[in-house]
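Participant: Can you read through this structure? Questions will come right after.
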Amino acid sequence: MKATLQLLIVFLCANIYAQQSLQYQQPSQEILELANAELAPGVQIDSKGEQMVLLYRNQYKSIAELSESELRLAGLRINPVTNIGSRTNYYTNLKVKHTTDKDPKQVSGLPEKPRLSNFRWSPDETMIACLNTTENGVEVWVLHIADAKVSKLTDANVNANMGSTLNWFNDNEHLLVKMLPEDRQPLIDTAIAVPTGPTVSVSDGEKAQNRTYQDLLKTPNDEFNFEQLARSEIKKISIQGHVSGFLDAAMYRGINFSPDGKYVMVTKIKRPFSYLVTYSRFPNESIIYDSQGNKIQLVNDVPLDEVRPKGFMSTRMGKRNMTWRSDKPSTLVWTEALDNGDPAVEAPFRDAVYQVDAPFNGDPKLILKTKQRFSGIQWGDEKHAIAFDYWWNTRNTKTYLFNPSNGEAKVIYDRNYQDVYSDPGSFVRQKNKFGKYVLNMENNKLFLMGDGYTKDGQFPFIDEYDINSEKTKRLYESDYTDKLETLNSAIDMKKGEILVRIESQTEYPNYYIRNINKDNALTAITNFENPFKSLESVDKRIINYKRNDGLDLDGTLYLPLNYEKGKKYPMILWAYPREFKDKASASQSTANPNEFVYPYWGSPIYWVTKGYVVLDDAAFPIVGEGNEEPNDSFRTQLVANGKAAIDAVDDLGYINRKKVAVGGHSYGAFMTANLLSHSNLFAAGIARSGAYNRTLTPFGFQSEERSYWEAPEIYYNMSPFMHADKMKTPLLLIHGVADNNSGTYPLQSERYFNALKGLGAPVRLVMLPKESHGYRAKESIMHMLWEQDQWLNKHVKNKIDKEEKIENDATLKN
């Protein structure tokens, strides 16, 4: 009781003063128990389905970890002391297990305080190379799976700041590793460095309509620091730890061996840098070397990519998506735009795919043209491959079956990629003699695995596709009604062995090998326990309802623990809007009542323990058909979605509709602020890491392709900041001080709070130190849960509306 009173005093004081230095708080015991639950390990399984590696990690980072040195340059976040991404997730323990064994073996020889990352299987899948981050740098270690033992290969002088760091040779004996260069110069401390002049940016008249990227270079000092952190020497390292030179220092980005291992393509960044775009669009060149490090051929030279035509489907000219054909020993393939990279240009074909064989100095061979923007190829053999394209504006995707030897192609699937009910699935692949994944083909037949969403529920499937007849035959369909089966991968299609994951509301997801050739027999290979025991009795269901225009909607409904029939409860509605170009796709449901109940850090599910009904992942489609764009009627559809959700749960008799909160993260926060500004449906709102003034993202946002100058009324009408004078409902704003997501910089919440405060709205702003767009530190997350709990208790659960106040006053008088 005393502790509760102290927390209440802290919360009340925080509402009296404009700002307050508040120590990190912890939520109530019911929430804390769930948030502190120890999770099951991550799982990696070899392609044969024989060996498993279990990866254990802490669920959260600490605020001390987030407070380590960090430089934010060109879209990267780097720890300049350790030379690895400052937000890297680390694993702290490893175990190995043969899939037929009951218990895993503890891996021996681990470093004293493991911080493991960047796991890379050897070609023969007997070893895994990984990085270990120490206080002073990054080391290379290797796990010998059969022996359940690790060994250290290098000192802490690896450069893991950018691109691929670990790359196996085909001999399973050596790795190519990026190492710190001997001539690295000390970084400039930009906080104290004396400027030598102004920073000047210029425009030569070309349009450069880029998104509002974060963490860009801003000064010549930033340029210097970026170059020093990006430069590496590439070394050849044996699994015994012998180090030899391979390539001299440069700003290496990508390293990619040919399937036969005889060549390696190395991509490196060049100057000039940009203050408008991230490092991925800096000038770069790709060079082919042999396996001894001798230069063979420059195969691509890409200039600075600042200027592109308008539109989501625009791209740059020249060679792009350059990679190796996985079914050939050493053949390069790439794509080039046929429409100048401009979606406004009419063209019968948008992209072309070319290839060239070693030694890469011959004339390129055209092997495919796509009608829309190319999006990938899955290789089969000399005469068979599958290619994909898509067009965002129409939500269309096409799947091509083509012959790489002569370019003959036919479209085998032509569909709306948002139409999940028509999804034919993904083609099954297997490893070839080079250890690369190619199409699994048997007697001119391919195989497809699909999620199996239908109007009647979800039934994952495996189909056989006949290349000659273009017909499919169903080989397997999951028939669970009380569980969810996910088809992960094919271990051996000939034997019928499939790696699957099975879960239910109360059963933690576990892995099995299903044999579809032997009566669909199941063999369990993991046995993880449910860490959220207190939620095992929660009543969870999918509810279906309609919007006022007839659009079908759904949401996942949770009733409070110890629910009492007939009692009216407060409710939390949590959602994220999604845009569609047709009502049919918008009406489809991908919700599954059998998904495991998992209260992740940002989930509203915790509050079923506090007497709330929760409607999670409520459908909030925004539809624009034909020439109409979804955002043309954004606010109207948003409010209609919210009202339909409340009406549906109210009709079931579960809630007091005057005590409903709405919340969301990122675009869900934007949704929340709009709902509170333009409706009186909600008692309070929670908006985390959102953007509220769309004029600060003038060249498009989310799925809005038009610029502010093309559609100023859209930007104005959709911006909660512009309508702050209408906002009278209590709103809790939470934002990470180090948010790096495009468009949701912290200024968005700070300026919105200032506007709301200036206009007298009930609002509270919580800025979480060191946090990015998603929150990572345990201290931050526990405090966030505490803030949300206090806010909901005050403004929703314990809210007294006018009718209750009159009743209470009358009671007191009597």
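Chain labels run A, B, ... following the order of the structure tokens; each chain numbers its residues from 1, and ligands are numbered from 1 in the order shown.
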Can you pull out the residues contacting Leu732 of chain A? Cut-off 8 Å, using only C-alpha atoms, and skip same-chain residues under 4 positions away; I want them as a list in words.
Facilitator: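 My list of contacting residues is Gly685, Ile686, Ala687, Val763, Arg764, Leu765, Val766, Gln788 and Trp791 of chain A.
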Participant: Identify, on the basis of only C-alpha atoms, every residue whose closest approach to Asn36 of chain A does not exceed 12 Å; exclude the query and any residue fewer than 6 positions from it along the same chain; express the result as a ChimeraX atom specification.
Facilitator: /A:26-30,58-60,531-532,599-601,606,778-779,781-782
Participant: Measuring between only C-alpha atoms, which one of A:Glu564, A:Glu38, A:Asp617, A:Asp215 shows the shortest distance to Tyr654 of chain A?
Facilitator: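 So, comparing all the options, the nearest one is A:Glu564.
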Participant: Write out as an NGL selection string which residues come within 7 Å of Val177 of chain A when counting only C-alpha atoms, dropping same-chain ones fewer than 3 positions away.
Facilitator: :A and (165-167 or 234-236)
Participant: Set the distance at 8 Å and use only C-alpha atoms: which residues neighbour Asn210 of chain A once local chain neighbours fewer than 4 positions away are removed? I'd like the list as a PyMOL selection string.
Facilitator: chain A and resi 276-277+306+699
Participant: Take the residues just selected and output them with all heavy atoms as a CSV table (one decimal), in the first residue's frame.
Facilitator:
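And here's again.csv as it stands now:
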```
chain,number,residue,atom,x,y,z
A,276,LEU,N,22.4,14.1,-48.3
A,276,LEU,CA,20.9,13.9,-48.6
A,276,LEU,C,20.5,12.5,-48.5
A,276,LEU,O,19.3,12.2,-48.2
A,276,LEU,CB,20.6,14.4,-50.0
A,276,LEU,CG,20.5,15.9,-50.3
A,276,LEU,CD1,20.2,16.2,-51.7
A,276,LEU,CD2,19.6,16.6,-49.3
A,277,VAL,N,21.4,11.5,-48.7
A,277,VAL,CA,21.0,10.1,-48.7
A,277,VAL,C,22.0,9.3,-47.9
A,277,VAL,O,23.1,9.8,-47.5
A,277,VAL,CB,20.9,9.5,-50.2
A,277,VAL,CG1,19.8,10.2,-51.0
A,277,VAL,CG2,22.3,9.7,-50.9
A,306,GLU,N,21.7,10.5,-55.8
A,306,GLU,CA,20.9,11.5,-55.1
A,306,GLU,C,19.6,11.8,-55.9
A,306,GLU,O,18.6,12.1,-55.3
A,306,GLU,CB,21.7,12.8,-54.9
A,306,GLU,CG,22.6,12.8,-53.7
A,306,GLU,CD,23.2,14.2,-53.4
A,306,GLU,OE1,23.1,15.1,-54.3
A,306,GLU,OE2,23.7,14.4,-52.3
A,699,PHE,N,8.2,15.1,-49.1
A,699,PHE,CA,8.3,14.3,-50.3
A,699,PHE,C,7.8,12.9,-50.1
A,699,PHE,O,8.3,11.9,-50.7
A,699,PHE,CB,9.7,14.2,-50.8
A,699,PHE,CG,10.2,15.6,-51.3
A,699,PHE,CD1,11.2,16.3,-50.7
A,699,PHE,CD2,9.7,16.2,-52.4
A,699,PHE,CE1,11.7,17.5,-51.1
A,699,PHE,CE2,10.1,17.4,-52.9
A,699,PHE,CZ,11.1,18.1,-52.2
```
Participant: As an MDAnalysis selection string, list the residues of segment 694-786 of chain A assigned to alpha helix (DSSP H) by DSSP on the backbone atoms of this structure.
Facilitator: chainID A and resid 712:718 747:758 778:786
Participant: Atom CA of Arg253 of chain A and atom CA of Arg325 of chain A are how many Å apart?
Facilitator: 20.1 Å
Participant: Write out as number ranges by chain each polymer residue whose atoms come within 10 Å of Gln214 of chain A, counting only C-alpha atoms; drop sequence neighbours fewer than 3 positions from it.
Facilitator: A: 72-76, 211, 217, 276-278, 738-745
Participant: Could you work out how far atom CA of Asn132 of chain A lies from atom CA of Glu68 of chain A, giving the answer in Å with one decimal?
Facilitator: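 Atom-to-atom, atom CA of Glu68 of chain A and atom CA of Asn132 of chain A are spaced 16.4 Å apart.
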Participant: Please indicate the distance in Å from atom CA of Ile287 of chain A to atom CA of Gln185 of chain A, rounded to one decimal place.
Facilitator: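 Answer for the atom CA of Ile287 of chain A to atom CA of Gln185 of chain A separation: 25.9 Å.
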Participant: Determine, counting only C-alpha atoms, which protein, DNA and RNA residues have an atom within 7 Å of an atom of segment 238-250 of chain A; residues of the same chain fewer than 2 positions away are not included. Present the result as a PDB file with all heavy atoms, in the first residue's frame.
Facilitator:
```pdb
ATOM      1  N   LEU A 153      39.607 -17.042 -33.153  1.00  0.00           N
ATOM      2  CA  LEU A 153      40.478 -16.996 -34.317  1.00  0.00           C
ATOM      3  C   LEU A 153      41.297 -15.716 -34.403  1.00  0.00           C
ATOM      4  O   LEU A 153      42.391 -15.730 -34.960  1.00  0.00           O
ATOM      5  CB  LEU A 153      39.665 -17.156 -35.607  1.00  0.00           C
ATOM      6  CG  LEU A 153      38.834 -18.431 -35.777  1.00  0.00           C
ATOM      7  CD1 LEU A 153      38.252 -18.487 -37.179  1.00  0.00           C
ATOM      8  CD2 LEU A 153      39.666 -19.671 -35.488  1.00  0.00           C
ATOM      9  N   THR A 154      40.764 -14.596 -33.919  1.00  0.00           N
ATOM     10  CA  THR A 154      41.477 -13.322 -34.074  1.00  0.00           C
ATOM     11  C   THR A 154      41.442 -12.526 -32.775  1.00  0.00           C
ATOM     12  O   THR A 154      40.649 -12.798 -31.879  1.00  0.00           O
ATOM     13  CB  THR A 154      40.844 -12.444 -35.174  1.00  0.00           C
ATOM     14  OG1 THR A 154      39.594 -11.912 -34.693  1.00  0.00           O
ATOM     15  CG2 THR A 154      40.616 -13.221 -36.455  1.00  0.00           C
ATOM     16  N   GLU A 173      37.904 -24.094 -44.762  1.00  0.00           N
ATOM     17  CA  GLU A 173      39.108 -23.938 -43.958  1.00  0.00           C
ATOM     18  C   GLU A 173      39.472 -22.481 -43.715  1.00  0.00           C
ATOM     19  O   GLU A 173      40.281 -22.189 -42.837  1.00  0.00           O
ATOM     20  CB  GLU A 173      40.294 -24.640 -44.649  1.00  0.00           C
ATOM     21  CG  GLU A 173      40.181 -26.147 -44.720  1.00  0.00           C
ATOM     22  CD  GLU A 173      40.450 -26.812 -43.381  1.00  0.00           C
ATOM     23  OE1 GLU A 173      41.153 -26.213 -42.553  1.00  0.00           O
ATOM     24  OE2 GLU A 173      39.935 -27.931 -43.161  1.00  0.00           O
ATOM     25  N   HIS A 174      38.883 -21.577 -44.510  1.00  0.00           N
ATOM     26  CA  HIS A 174      39.292 -20.177 -44.442  1.00  0.00           C
ATOM     27  C   HIS A 174      38.084 -19.247 -44.534  1.00  0.00           C
ATOM     28  O   HIS A 174      37.028 -19.619 -45.057  1.00  0.00           O
ATOM     29  CB  HIS A 174      40.259 -19.842 -45.583  1.00  0.00           C
ATOM     30  CG  HIS A 174      41.543 -20.593 -45.526  1.00  0.00           C
ATOM     31  ND1 HIS A 174      41.689 -21.838 -46.108  1.00  0.00           N
ATOM     32  CD2 HIS A 174      42.743 -20.291 -44.959  1.00  0.00           C
ATOM     33  CE1 HIS A 174      42.923 -22.278 -45.910  1.00  0.00           C
ATOM     34  NE2 HIS A 174      43.586 -21.359 -45.214  1.00  0.00           N
ATOM     35  N   LEU A 175      38.297 -18.045 -44.020  1.00  0.00           N
ATOM     36  CA  LEU A 175      37.297 -16.972 -44.095  1.00  0.00           C
ATOM     37  C   LEU A 175      37.951 -15.702 -44.611  1.00  0.00           C
ATOM     38  O   LEU A 175      39.137 -15.457 -44.364  1.00  0.00           O
ATOM     39  CB  LEU A 175      36.708 -16.674 -42.713  1.00  0.00           C
ATOM     40  CG  LEU A 175      35.871 -17.742 -42.034  1.00  0.00           C
ATOM     41  CD1 LEU A 175      36.360 -17.953 -40.617  1.00  0.00           C
ATOM     42  CD2 LEU A 175      34.408 -17.336 -42.011  1.00  0.00           C
ATOM     43  N   PRO A 181      42.171  -1.230 -40.435  1.00  0.00           N
ATOM     44  CA  PRO A 181      43.406  -0.922 -41.158  1.00  0.00           C
ATOM     45  C   PRO A 181      44.475  -0.373 -40.215  1.00  0.00           C
ATOM     46  O   PRO A 181      44.170   0.304 -39.234  1.00  0.00           O
ATOM     47  CB  PRO A 181      42.961   0.147 -42.163  1.00  0.00           C
ATOM     48  CG  PRO A 181      41.793   0.810 -41.517  1.00  0.00           C
ATOM     49  CD  PRO A 181      41.102  -0.254 -40.723  1.00  0.00           C
ATOM     50  N   ARG A 231      36.633   2.234 -43.526  1.00  0.00           N
ATOM     51  CA  ARG A 231      37.810   1.612 -44.139  1.00  0.00           C
ATOM     52  C   ARG A 231      38.194   0.318 -43.418  1.00  0.00           C
ATOM     53  O   ARG A 231      38.209   0.252 -42.193  1.00  0.00           O
ATOM     54  CB  ARG A 231      39.000   2.578 -44.137  1.00  0.00           C
ATOM     55  CG  ARG A 231      38.831   3.755 -45.069  1.00  0.00           C
ATOM     56  CD  ARG A 231      40.003   4.718 -44.995  1.00  0.00           C
ATOM     57  NE  ARG A 231      41.186   4.175 -45.698  1.00  0.00           N
ATOM     58  CZ  ARG A 231      42.296   3.776 -45.105  1.00  0.00           C
ATOM     59  NH1 ARG A 231      42.387   3.812 -43.777  1.00  0.00           N
ATOM     60  NH2 ARG A 231      43.317   3.335 -45.809  1.00  0.00           N
ATOM     61  N   SER A 232      38.485  -0.698 -44.229  1.00  0.00           N
ATOM     62  CA  SER A 232      38.920  -1.998 -43.701  1.00  0.00           C
ATOM     63  C   SER A 232      40.034  -2.542 -44.577  1.00  0.00           C
ATOM     64  O   SER A 232      40.173  -2.173 -45.748  1.00  0.00           O
ATOM     65  CB  SER A 232      37.780  -3.015 -43.715  1.00  0.00           C
ATOM     66  OG  SER A 232      36.668  -2.585 -42.997  1.00  0.00           O
ATOM     67  N   GLU A 233      40.804  -3.433 -44.006  1.00  0.00           N
ATOM     68  CA  GLU A 233      41.653  -4.324 -44.782  1.00  0.00           C
ATOM     69  C   GLU A 233      40.965  -5.681 -44.795  1.00  0.00           C
ATOM     70  O   GLU A 233      40.400  -6.098 -43.785  1.00  0.00           O
ATOM     71  CB  GLU A 233      43.048  -4.437 -44.151  1.00  0.00           C
ATOM     72  CG  GLU A 233      43.850  -3.155 -44.173  1.00  0.00           C
ATOM     73  CD  GLU A 233      45.146  -3.275 -43.401  1.00  0.00           C
ATOM     74  OE1 GLU A 233      45.355  -4.333 -42.763  1.00  0.00           O
ATOM     75  OE2 GLU A 233      45.946  -2.324 -43.425  1.00  0.00           O
ATOM     76  N   ILE A 234      40.990  -6.352 -45.934  1.00  0.00           N
ATOM     77  CA  ILE A 234      40.384  -7.683 -45.997  1.00  0.00           C
ATOM     78  C   ILE A 234      41.491  -8.718 -45.811  1.00  0.00           C
ATOM     79  O   ILE A 234      42.499  -8.721 -46.533  1.00  0.00           O
ATOM     80  CB  ILE A 234      39.644  -7.902 -47.326  1.00  0.00           C
ATOM     81  CG1 ILE A 234      38.490  -6.889 -47.456  1.00  0.00           C
ATOM     82  CG2 ILE A 234      39.094  -9.328 -47.408  1.00  0.00           C
ATOM     83  CD1 ILE A 234      37.691  -7.028 -48.723  1.00  0.00           C
ATOM     84  N   LYS A 235      41.301  -9.567 -44.808  1.00  0.00           N
ATOM     85  CA  LYS A 235      42.290 -10.581 -44.460  1.00  0.00           C
ATOM     86  C   LYS A 235      41.717 -11.976 -44.703  1.00  0.00           C
ATOM     87  O   LYS A 235      40.508 -12.207 -44.579  1.00  0.00           O
ATOM     88  CB  LYS A 235      42.696 -10.462 -42.986  1.00  0.00           C
ATOM     89  CG  LYS A 235      43.282  -9.105 -42.597  1.00  0.00           C
ATOM     90  CD  LYS A 235      44.673  -8.913 -43.144  1.00  0.00           C
ATOM     91  CE  LYS A 235      45.317  -7.648 -42.580  1.00  0.00           C
ATOM     92  NZ  LYS A 235      46.691  -7.452 -43.107  1.00  0.00           N
ATOM     93  N   LYS A 236      42.604 -12.907 -45.011  1.00  0.00           N
ATOM     94  CA  LYS A 236      42.247 -14.320 -45.127  1.00  0.00           C
ATOM     95  C   LYS A 236      42.660 -15.002 -43.833  1.00  0.00           C
ATOM     96  O   LYS A 236      43.824 -14.945 -43.430  1.00  0.00           O
ATOM     97  CB  LYS A 236      42.954 -14.949 -46.320  1.00  0.00           C
ATOM     98  CG  LYS A 236      42.589 -16.409 -46.570  1.00  0.00           C
ATOM     99  CD  LYS A 236      43.297 -16.918 -47.830  1.00  0.00           C
ATOM    100  CE  LYS A 236      42.924 -18.368 -48.125  1.00  0.00           C
ATOM    101  NZ  LYS A 236      43.588 -18.869 -49.370  1.00  0.00           N
ATOM    102  N   TYR A 252      35.164  -0.949 -47.881  1.00  0.00           N
ATOM    103  CA  TYR A 252      34.488  -2.133 -48.407  1.00  0.00           C
ATOM    104  C   TYR A 252      33.082  -2.257 -47.839  1.00  0.00           C
ATOM    105  O   TYR A 252      32.860  -2.152 -46.637  1.00  0.00           O
ATOM    106  CB  TYR A 252      35.288  -3.387 -48.064  1.00  0.00           C
ATOM    107  CG  TYR A 252      36.661  -3.416 -48.717  1.00  0.00           C
ATOM    108  CD1 TYR A 252      37.810  -3.348 -47.944  1.00  0.00           C
ATOM    109  CD2 TYR A 252      36.789  -3.491 -50.099  1.00  0.00           C
ATOM    110  CE1 TYR A 252      39.068  -3.374 -48.531  1.00  0.00           C
ATOM    111  CE2 TYR A 252      38.035  -3.510 -50.698  1.00  0.00           C
ATOM    112  CZ  TYR A 252      39.169  -3.445 -49.917  1.00  0.00           C
ATOM    113  OH  TYR A 252      40.409  -3.457 -50.505  1.00  0.00           O
ATOM    114  N   LYS A 268      33.033  -1.590 -53.024  1.00  0.00           N
ATOM    115  CA  LYS A 268      33.584  -0.586 -52.123  1.00  0.00           C
ATOM    116  C   LYS A 268      33.006   0.789 -52.445  1.00  0.00           C
ATOM    117  O   LYS A 268      32.711   1.108 -53.596  1.00  0.00           O
ATOM    118  CB  LYS A 268      35.104  -0.564 -52.173  1.00  0.00           C
ATOM    119  CG  LYS A 268      35.725  -0.336 -53.535  1.00  0.00           C
ATOM    120  CD  LYS A 268      37.250  -0.454 -53.435  1.00  0.00           C
ATOM    121  CE  LYS A 268      37.927  -0.268 -54.783  1.00  0.00           C
ATOM    122  NZ  LYS A 268      39.402  -0.413 -54.691  1.00  0.00           N
ATOM    123  N   GLY A 293      43.106 -13.109 -54.484  1.00  0.00           N
ATOM    124  CA  GLY A 293      43.126 -11.662 -54.312  1.00  0.00           C
ATOM    125  C   GLY A 293      43.645 -10.898 -55.506  1.00  0.00           C
ATOM    126  O   GLY A 293      43.910  -9.687 -55.400  1.00  0.00           O
TER     127      GLY A 293
END
```
